[in-house]
Every structure is written in C-alpha cells, then in structure tokens.
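Everything below belongs to my_file11.cif, which stores mmCIF, N, CA and C atoms; chains and numbers go by the auth columns.
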```cif
data_target
loop_
_atom_site.group_PDB
_atom_site.id
_atom_site.type_symbol
_atom_site.label_atom_id
_atom_site.label_comp_id
_atom_site.label_asym_id
_atom_site.label_seq_id
_atom_site.Cartn_x
_atom_site.Cartn_y
_atom_site.Cartn_z
_atom_site.B_iso_or_equiv
_atom_site.auth_seq_id
_atom_site.auth_asym_id
ATOM 1 N N MET A 1 0.849 -1.176 0.000 0.00 8 A
ATOM 2 C CA MET A 1 0.000 0.000 0.000 0.00 8 A
ATOM 3 C C MET A 1 0.893 1.236 0.000 0.00 8 A
ATOM 4 N N LEU A 2 0.488 2.214 -0.775 0.00 9 A
ATOM 5 C CA LEU A 2 1.228 3.465 -0.884 0.00 9 A
ATOM 6 C C LEU A 2 0.247 4.624 -0.722 0.00 9 A
ATOM 7 N N ILE A 3 0.586 5.579 0.135 0.00 10 A
ATOM 8 C CA ILE A 3 -0.214 6.789 0.287 0.00 10 A
ATOM 9 C C ILE A 3 0.621 7.944 -0.235 0.00 10 A
ATOM 10 N N TYR A 4 0.044 8.682 -1.183 0.00 11 A
ATOM 11 C CA TYR A 4 0.755 9.753 -1.866 0.00 11 A
ATOM 12 C C TYR A 4 0.036 11.076 -1.612 0.00 11 A
ATOM 13 N N GLU A 5 0.787 12.101 -1.263 0.00 12 A
ATOM 14 C CA GLU A 5 0.237 13.452 -1.109 0.00 12 A
ATOM 15 C C GLU A 5 0.759 14.310 -2.254 0.00 12 A
ATOM 16 N N PRO A 6 -0.102 14.632 -3.233 0.00 13 A
ATOM 17 C CA PRO A 6 0.364 15.420 -4.374 0.00 13 A
ATOM 18 C C PRO A 6 0.901 16.787 -3.937 0.00 13 A
ATOM 19 N N GLN A 7 1.985 17.212 -4.542 0.00 14 A
ATOM 20 C CA GLN A 7 2.567 18.516 -4.245 0.00 14 A
ATOM 21 C C GLN A 7 1.846 19.639 -5.000 0.00 14 A
ATOM 22 N N GLN A 8 1.242 19.295 -6.133 0.00 15 A
ATOM 23 C CA GLN A 8 0.475 20.260 -6.912 0.00 15 A
ATOM 24 C C GLN A 8 -1.011 20.036 -6.648 0.00 15 A
ATOM 25 N N SER A 9 -1.755 21.108 -6.510 0.00 16 A
ATOM 26 C CA SER A 9 -3.188 21.011 -6.277 0.00 16 A
ATOM 27 C C SER A 9 -3.876 20.471 -7.529 0.00 16 A
ATOM 28 N N LEU A 10 -4.772 19.515 -7.346 0.00 17 A
ATOM 29 C CA LEU A 10 -5.512 18.936 -8.463 0.00 17 A
ATOM 30 C C LEU A 10 -6.999 19.090 -8.182 0.00 17 A
ATOM 31 N N GLU A 11 -7.673 19.897 -8.994 0.00 18 A
ATOM 32 C CA GLU A 11 -9.105 20.111 -8.829 0.00 18 A
ATOM 33 C C GLU A 11 -9.853 19.039 -9.604 0.00 18 A
ATOM 34 N N VAL A 12 -10.853 18.430 -8.954 0.00 19 A
ATOM 35 C CA VAL A 12 -11.603 17.344 -9.572 0.00 19 A
ATOM 36 C C VAL A 12 -13.102 17.566 -9.398 0.00 19 A
ATOM 37 N N LEU A 13 -13.872 16.979 -10.307 0.00 20 A
ATOM 38 C CA LEU A 13 -15.321 16.987 -10.233 0.00 20 A
ATOM 39 C C LEU A 13 -15.746 15.647 -9.649 0.00 20 A
ATOM 40 N N THR A 14 -16.501 15.683 -8.551 0.00 21 A
ATOM 41 C CA THR A 14 -16.944 14.473 -7.859 0.00 21 A
ATOM 42 C C THR A 14 -18.471 14.445 -7.811 0.00 21 A
ATOM 43 N N PRO A 15 -19.061 13.329 -7.401 0.00 22 A
ATOM 44 C CA PRO A 15 -20.519 13.295 -7.206 0.00 22 A
ATOM 45 C C PRO A 15 -21.000 14.280 -6.132 0.00 22 A
ATOM 46 N N LYS A 16 -20.120 14.749 -5.254 0.00 23 A
ATOM 47 C CA LYS A 16 -20.482 15.693 -4.196 0.00 23 A
ATOM 48 C C LYS A 16 -20.165 17.134 -4.567 0.00 23 A
ATOM 49 N N GLY A 17 -19.608 17.376 -5.747 0.00 24 A
ATOM 50 C CA GLY A 17 -19.246 18.712 -6.185 0.00 24 A
ATOM 51 C C GLY A 17 -17.761 18.814 -6.504 0.00 24 A
ATOM 52 N N ILE A 18 -17.293 20.023 -6.770 0.00 25 A
ATOM 53 C CA ILE A 18 -15.886 20.251 -7.109 0.00 25 A
ATOM 54 C C ILE A 18 -15.063 20.273 -5.831 0.00 25 A
ATOM 55 N N GLY A 19 -13.898 19.630 -5.893 0.00 26 A
ATOM 56 C CA GLY A 19 -13.020 19.598 -4.730 0.00 26 A
ATOM 57 C C GLY A 19 -11.570 19.476 -5.147 0.00 26 A
ATOM 58 N N ARG A 20 -10.704 19.366 -4.150 0.00 27 A
ATOM 59 C CA ARG A 20 -9.261 19.245 -4.385 0.00 27 A
ATOM 60 C C ARG A 20 -8.758 17.938 -3.793 0.00 27 A
ATOM 61 N N VAL A 21 -7.925 17.239 -4.567 0.00 28 A
ATOM 62 C CA VAL A 21 -7.345 15.982 -4.090 0.00 28 A
ATOM 63 C C VAL A 21 -6.355 16.291 -2.980 0.00 28 A
ATOM 64 N N TRP A 22 -6.488 15.597 -1.869 0.00 29 A
ATOM 65 C CA TRP A 22 -5.580 15.770 -0.736 0.00 29 A
ATOM 66 C C TRP A 22 -4.606 14.598 -0.663 0.00 29 A
ATOM 67 N N LEU A 23 -5.127 13.370 -0.735 0.00 30 A
ATOM 68 C CA LEU A 23 -4.284 12.175 -0.672 0.00 30 A
ATOM 69 C C LEU A 23 -4.751 11.175 -1.708 0.00 30 A
ATOM 70 N N ILE A 24 -3.813 10.322 -2.166 0.00 31 A
ATOM 71 C CA ILE A 24 -4.141 9.213 -3.064 0.00 31 A
ATOM 72 C C ILE A 24 -3.609 7.946 -2.414 0.00 31 A
ATOM 73 N N THR A 25 -4.479 6.926 -2.288 0.00 32 A
ATOM 74 C CA THR A 25 -4.072 5.649 -1.712 0.00 32 A
ATOM 75 C C THR A 25 -4.059 4.600 -2.810 0.00 32 A
ATOM 76 N N ASP A 26 -2.938 3.907 -2.955 0.00 33 A
ATOM 77 C CA ASP A 26 -2.776 2.862 -3.960 0.00 33 A
ATOM 78 C C ASP A 26 -2.567 1.544 -3.229 0.00 33 A
ATOM 79 N N TYR A 27 -3.531 0.630 -3.361 0.00 34 A
ATOM 80 C CA TYR A 27 -3.447 -0.666 -2.684 0.00 34 A
ATOM 81 C C TYR A 27 -2.790 -1.741 -3.532 0.00 34 A
ATOM 82 N N GLY A 28 -2.406 -1.419 -4.753 0.00 35 A
ATOM 83 C CA GLY A 28 -1.750 -2.398 -5.611 0.00 35 A
ATOM 84 C C GLY A 28 -2.340 -2.409 -7.006 0.00 35 A
ATOM 85 N N VAL A 29 -1.803 -3.282 -7.845 0.00 36 A
ATOM 86 C CA VAL A 29 -2.159 -3.264 -9.265 0.00 36 A
ATOM 87 C C VAL A 29 -3.555 -3.788 -9.557 0.00 36 A
ATOM 88 N N GLN A 30 -4.137 -4.598 -8.695 0.00 37 A
ATOM 89 C CA GLN A 30 -5.438 -5.184 -9.000 0.00 37 A
ATOM 90 C C GLN A 30 -6.600 -4.482 -8.302 0.00 37 A
ATOM 91 N N THR A 31 -6.356 -3.339 -7.731 0.00 38 A
ATOM 92 C CA THR A 31 -7.426 -2.555 -7.108 0.00 38 A
ATOM 93 C C THR A 31 -7.343 -1.115 -7.591 0.00 38 A
ATOM 94 N N GLU A 32 -8.490 -0.434 -7.535 0.00 39 A
ATOM 95 C CA GLU A 32 -8.518 0.968 -7.952 0.00 39 A
ATOM 96 C C GLU A 32 -7.843 1.848 -6.907 0.00 39 A
ATOM 97 N N LYS A 33 -7.348 2.954 -7.360 0.00 40 A
ATOM 98 C CA LYS A 33 -6.791 3.939 -6.436 0.00 40 A
ATOM 99 C C LYS A 33 -7.939 4.678 -5.750 0.00 40 A
ATOM 100 N N LEU A 34 -7.709 5.107 -4.520 0.00 41 A
ATOM 101 C CA LEU A 34 -8.704 5.884 -3.783 0.00 41 A
ATOM 102 C C LEU A 34 -8.173 7.295 -3.586 0.00 41 A
ATOM 103 N N PHE A 35 -9.016 8.281 -3.863 0.00 42 A
ATOM 104 C CA PHE A 35 -8.646 9.684 -3.773 0.00 42 A
ATOM 105 C C PHE A 35 -9.393 10.321 -2.609 0.00 42 A
ATOM 106 N N VAL A 36 -8.662 10.920 -1.684 0.00 43 A
ATOM 107 C CA VAL A 36 -9.274 11.677 -0.598 0.00 43 A
ATOM 108 C C VAL A 36 -9.405 13.105 -1.102 0.00 43 A
ATOM 109 N N VAL A 37 -10.645 13.601 -1.129 0.00 44 A
ATOM 110 C CA VAL A 37 -10.951 14.896 -1.734 0.00 44 A
ATOM 111 C C VAL A 37 -11.637 15.789 -0.708 0.00 44 A
ATOM 112 N N ILE A 38 -11.202 17.047 -0.638 0.00 45 A
ATOM 113 C CA ILE A 38 -11.867 18.052 0.183 0.00 45 A
ATOM 114 C C ILE A 38 -12.805 18.834 -0.732 0.00 45 A
ATOM 115 N N ILE A 39 -14.108 18.781 -0.435 0.00 46 A
ATOM 116 C CA ILE A 39 -15.112 19.440 -1.261 0.00 46 A
ATOM 117 C C ILE A 39 -15.068 20.948 -0.990 0.00 46 A
ATOM 118 N N ASN A 40 -14.977 21.749 -2.049 0.00 47 A
ATOM 119 C CA ASN A 40 -14.813 23.201 -1.924 0.00 47 A
ATOM 120 C C ASN A 40 -15.964 23.875 -1.178 0.00 47 A
ATOM 121 N N ASP A 41 -17.204 23.565 -1.537 0.00 48 A
ATOM 122 C CA ASP A 41 -18.356 24.281 -0.976 0.00 48 A
ATOM 123 C C ASP A 41 -18.627 23.967 0.486 0.00 48 A
ATOM 124 N N THR A 42 -18.387 22.723 0.896 0.00 49 A
ATOM 125 C CA THR A 42 -18.786 22.303 2.242 0.00 49 A
ATOM 126 C C THR A 42 -17.622 22.056 3.189 0.00 49 A
ATOM 127 N N GLY A 43 -16.422 21.842 2.634 0.00 50 A
ATOM 128 C CA GLY A 43 -15.282 21.494 3.475 0.00 50 A
ATOM 129 C C GLY A 43 -15.285 20.038 3.896 0.00 50 A
ATOM 130 N N GLU A 44 -16.268 19.280 3.432 0.00 51 A
ATOM 131 C CA GLU A 44 -16.334 17.865 3.766 0.00 51 A
ATOM 132 C C GLU A 44 -15.173 17.121 3.106 0.00 51 A
ATOM 133 N N ILE A 45 -14.769 16.036 3.743 0.00 52 A
ATOM 134 C CA ILE A 45 -13.704 15.194 3.208 0.00 52 A
ATOM 135 C C ILE A 45 -14.319 13.855 2.832 0.00 52 A
ATOM 136 N N TRP A 46 -14.171 13.484 1.568 0.00 53 A
ATOM 137 C CA TRP A 46 -14.732 12.244 1.054 0.00 53 A
ATOM 138 C C TRP A 46 -13.645 11.438 0.356 0.00 53 A
ATOM 139 N N GLU A 47 -13.887 10.147 0.235 0.00 54 A
ATOM 140 C CA GLU A 47 -12.977 9.254 -0.479 0.00 54 A
ATOM 141 C C GLU A 47 -13.710 8.717 -1.706 0.00 54 A
ATOM 142 N N PHE A 48 -13.066 8.813 -2.869 0.00 55 A
ATOM 143 C CA PHE A 48 -13.669 8.374 -4.121 0.00 55 A
ATOM 144 C C PHE A 48 -12.694 7.461 -4.860 0.00 55 A
ATOM 145 N N SER A 49 -13.239 6.526 -5.633 0.00 56 A
ATOM 146 C CA SER A 49 -12.379 5.727 -6.511 0.00 56 A
ATOM 147 C C SER A 49 -12.151 6.499 -7.802 0.00 56 A
ATOM 148 N N ASN A 50 -11.184 6.056 -8.587 0.00 57 A
ATOM 149 C CA ASN A 50 -10.845 6.792 -9.808 0.00 57 A
ATOM 150 C C ASN A 50 -11.983 6.791 -10.827 0.00 57 A
ATOM 151 N N LYS A 51 -12.911 5.853 -10.750 0.00 58 A
ATOM 152 C CA LYS A 51 -14.035 5.853 -11.700 0.00 58 A
ATOM 153 C C LYS A 51 -15.088 6.905 -11.343 0.00 58 A
ATOM 154 N N ASP A 52 -15.032 7.465 -10.125 0.00 59 A
ATOM 155 C CA ASP A 52 -16.039 8.415 -9.659 0.00 59 A
ATOM 156 C C ASP A 52 -15.660 9.879 -9.840 0.00 59 A
ATOM 157 N N ILE A 53 -14.429 10.167 -10.227 0.00 60 A
ATOM 158 C CA ILE A 53 -13.993 11.564 -10.323 0.00 60 A
ATOM 159 C C ILE A 53 -13.405 11.858 -11.696 0.00 60 A
ATOM 160 N N LYS A 54 -13.414 13.152 -12.056 0.00 61 A
ATOM 161 C CA LYS A 54 -12.805 13.625 -13.301 0.00 61 A
ATOM 162 C C LYS A 54 -12.033 14.898 -13.009 0.00 61 A
ATOM 163 N N ALA A 55 -10.898 15.063 -13.643 0.00 62 A
ATOM 164 C CA ALA A 55 -10.149 16.311 -13.522 0.00 62 A
ATOM 165 C C ALA A 55 -10.948 17.426 -14.184 0.00 62 A
ATOM 166 N N THR A 56 -10.979 18.595 -13.566 0.00 63 A
ATOM 167 C CA THR A 56 -11.693 19.733 -14.146 0.00 63 A
ATOM 168 C C THR A 56 -10.861 20.342 -15.271 0.00 63 A
ATOM 169 N N ASN A 57 -11.474 21.252 -16.026 0.00 64 A
ATOM 170 C CA ASN A 57 -10.756 21.931 -17.105 0.00 64 A
ATOM 171 C C ASN A 57 -9.559 22.692 -16.552 0.00 64 A
ATOM 172 N N ASN A 58 -8.466 22.630 -17.275 0.00 65 A
ATOM 173 C CA ASN A 58 -7.260 23.380 -16.949 0.00 65 A
ATOM 174 C C ASN A 58 -6.572 23.680 -18.268 0.00 65 A
ATOM 175 N N LEU A 59 -6.783 24.889 -18.763 0.00 66 A
ATOM 176 C CA LEU A 59 -6.273 25.237 -20.091 0.00 66 A
ATOM 177 C C LEU A 59 -4.756 25.170 -20.166 0.00 66 A
ATOM 178 N N THR A 60 -4.076 25.495 -19.077 0.00 67 A
ATOM 179 C CA THR A 60 -2.615 25.438 -19.072 0.00 67 A
ATOM 180 C C THR A 60 -2.109 24.018 -19.292 0.00 67 A
ATOM 181 N N MET A 61 -2.852 23.034 -18.752 0.00 68 A
ATOM 182 C CA MET A 61 -2.446 21.639 -18.875 0.00 68 A
ATOM 183 C C MET A 61 -3.078 20.948 -20.088 0.00 68 A
ATOM 184 N N GLY A 62 -3.827 21.714 -20.908 0.00 69 A
ATOM 185 C CA GLY A 62 -4.400 21.160 -22.131 0.00 69 A
ATOM 186 C C GLY A 62 -5.730 20.455 -21.934 0.00 69 A
ATOM 187 N N ARG A 63 -6.395 20.655 -20.794 0.00 70 A
ATOM 188 C CA ARG A 63 -7.704 20.056 -20.568 0.00 70 A
ATOM 189 C C ARG A 63 -8.750 21.151 -20.708 0.00 70 A
ATOM 190 N N GLY A 64 -9.618 21.023 -21.710 0.00 71 A
ATOM 191 C CA GLY A 64 -10.647 22.039 -21.955 0.00 71 A
ATOM 192 C C GLY A 64 -10.364 22.789 -23.232 0.00 71 A
ATOM 193 N N LYS A 65 -11.231 23.737 -23.534 0.00 72 A
ATOM 194 C CA LYS A 65 -11.109 24.501 -24.773 0.00 72 A
ATOM 195 C C LYS A 65 -11.180 25.985 -24.479 0.00 72 A
ATOM 196 N N TRP A 66 -10.453 26.748 -25.240 0.00 73 A
ATOM 197 C CA TRP A 66 -10.542 28.208 -25.166 0.00 73 A
ATOM 198 C C TRP A 66 -11.852 28.638 -25.801 0.00 73 A
ATOM 199 N N VAL A 67 -12.533 29.562 -25.200 0.00 74 A
ATOM 200 C CA VAL A 67 -13.793 30.074 -25.717 0.00 74 A
ATOM 201 C C VAL A 67 -13.635 31.548 -26.010 0.00 74 A
ATOM 202 N N LYS A 68 -13.943 31.937 -27.252 0.00 75 A
ATOM 203 C CA LYS A 68 -13.876 33.349 -27.628 0.00 75 A
ATOM 204 C C LYS A 68 -15.221 33.974 -27.371 0.00 75 A
ATOM 205 N N GLU A 69 -15.244 35.038 -26.585 0.00 76 A
ATOM 206 C CA GLU A 69 -16.500 35.711 -26.280 0.00 76 A
ATOM 207 C C GLU A 69 -17.014 36.465 -27.484 0.00 76 A
ATOM 208 N N GLY A 70 -18.337 36.493 -27.636 0.00 77 A
ATOM 209 C CA GLY A 70 -18.966 37.249 -28.701 0.00 77 A
ATOM 210 C C GLY A 70 -18.997 36.524 -30.033 0.00 77 A
ATOM 211 N N ILE A 71 -18.560 35.274 -30.061 0.00 78 A
ATOM 212 C CA ILE A 71 -18.589 34.529 -31.331 0.00 78 A
ATOM 213 C C ILE A 71 -19.584 33.394 -31.221 0.00 78 A
#
```

What does the file become when written as structure tokens?
Amino acid sequence: MLIYEPQQSLEVLTPKGIGRVWLITDYGVQTEKLFVVIINDTGEIWEFSNKDIKATNNLTMGRGKWVKEGI
C-alpha cells in the first residue's frame, strides 16, 4: 500500500461537487486507487475511486477549450 500526497493542487469533479485531491491511496495493481478529496463548498472530506472523479478543465495543462466571447 502506498499513500501519496500530491505537491500540486488537483481540482476534480466528484458526485459531491468540485473539490481538491488531498491524498491518493494505492493498494496495488489489482485494485482501484482511492482519492481523498476536500469538497470546496462544504469542506467535507470524502474518499472516491478513480471511476467516480474527473479532472476539471485546466487550459494550461491542455484540458478544456478556449472560448472566444462574442462569437
């Protein structure tokens, strides 16, 4: 088992709303990783598997699209 604390903030979309990954737990190759996420709106701390969350748009990292206003 490995517990990893990311040094860079990672914003994710969860079933409970948008939050930030705090810890990632890896139990091995045959199990899903578990992400401990702090929900932005409520401050609640939840644990989600990788199938339950998605990284939010981040144009700097190439996730999402630029939108031109007025077009």

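Excluding Ala62 of chain A itself and same-chain residues fewer than 2 positions from it, the residues having an atom within 6 Å of it are Glu18, Val19, Leu20, Ile60 and Asn64 of chain A, counting only N, CA and C atoms.
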
message: With distances taken over only N, CA and C atoms, which residue among A:Lys61, A:Gly71, A:Ile25, A:Ile31 lies nearest Ile45 of chain A?
response: A:Ile25

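The gap separating atom CA of Thr38 of chain A from atom CA of Gly50 of chain A is 27.4 Å, in Å to one decimal.
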
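Of the residues under consideration (A:Ser56, A:Asn65, A:Glu51, A:Gly26), A:Ser56 shows the shortest atom-to-atom contact distance to Glu39 of chain A when counting all atoms listed in the file.
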
Shortest interatomic distance to Leu41 of chain A - which of A:Thr21, A:Phe55, A:Ile10, A:Trp29, counting only C-alpha atoms: A:Phe55

Mind working out the centre and edge lengths of an axis-aligned box for segment 13-17 of chain A, all listed atoms inside, 8 Å added to each side, rounded to one decimal in Å and written as AutoDock Vina command-line options?
```
--center_x -2.2 --center_y 17.9 --center_z -5.8 --size_x 25.6 --size_y 22.5 --size_z 21.2
```

field: Atom-to-atom span, atom CA of Lys58 of chain A and atom CA of Ile46 of chain A, Å
entry: 17.2 Å

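Across the model, the gap from atom CA of Asn47 of chain A to atom CA of Tyr34 of chain A is 26.4 Å.
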
message: Considering only strand (DSSP E) as DSSP defines it on the backbone, what residues of segment 29-77 of chain A qualify? List them as an MDAnalysis selection string.
response: chainID A and resid 29:33 41:46 52:56 61:62

To test your reading of the syntax: which residues would the PyMOL selection byres ((chain A and resi 54) around 5) return for the file shown? Reply as a PDB file with N, CA and C atoms, keeping the file's coordinate frame.
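Writing the result to result_25.pdb gives the following:
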```pdb
ATOM      1  N   PHE A  42      -9.016   8.281  -3.863  1.00  0.00           N
ATOM      2  CA  PHE A  42      -8.646   9.684  -3.773  1.00  0.00           C
ATOM      3  C   PHE A  42      -9.393  10.321  -2.609  1.00  0.00           C
ATOM      4  N   VAL A  43      -8.662  10.920  -1.684  1.00  0.00           N
ATOM      5  CA  VAL A  43      -9.274  11.677  -0.598  1.00  0.00           C
ATOM      6  C   VAL A  43      -9.405  13.105  -1.102  1.00  0.00           C
ATOM      7  N   VAL A  44     -10.645  13.601  -1.129  1.00  0.00           N
ATOM      8  CA  VAL A  44     -10.951  14.896  -1.734  1.00  0.00           C
ATOM      9  C   VAL A  44     -11.637  15.789  -0.708  1.00  0.00           C
ATOM     10  N   ILE A  52     -14.769  16.036   3.743  1.00  0.00           N
ATOM     11  CA  ILE A  52     -13.704  15.194   3.208  1.00  0.00           C
ATOM     12  C   ILE A  52     -14.319  13.855   2.832  1.00  0.00           C
ATOM     13  N   TRP A  53     -14.171  13.484   1.568  1.00  0.00           N
ATOM     14  CA  TRP A  53     -14.732  12.244   1.054  1.00  0.00           C
ATOM     15  C   TRP A  53     -13.645  11.438   0.356  1.00  0.00           C
ATOM     16  N   PHE A  55     -13.066   8.813  -2.869  1.00  0.00           N
ATOM     17  CA  PHE A  55     -13.669   8.374  -4.121  1.00  0.00           C
ATOM     18  C   PHE A  55     -12.694   7.461  -4.860  1.00  0.00           C
ATOM     19  N   SER A  56     -13.239   6.526  -5.633  1.00  0.00           N
ATOM     20  CA  SER A  56     -12.379   5.727  -6.511  1.00  0.00           C
ATOM     21  C   SER A  56     -12.151   6.499  -7.802  1.00  0.00           C
TER      22      SER A  56
END
```

message: Give me the residues near Leu17 of chain A as a ChimeraX atom specification, where near means some atom within 5 Å (using only N, CA and C atoms) and where sequence neighbours in that chain fewer than 2 positions away do not count.
response: /A:15,19,27-28

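Restricting the calculation to only C-alpha atoms, the smallest distance between Glu12 of chain A and any of A:Thr32, A:Asn57, A:Thr49, A:Thr63 is found for A:Thr32.
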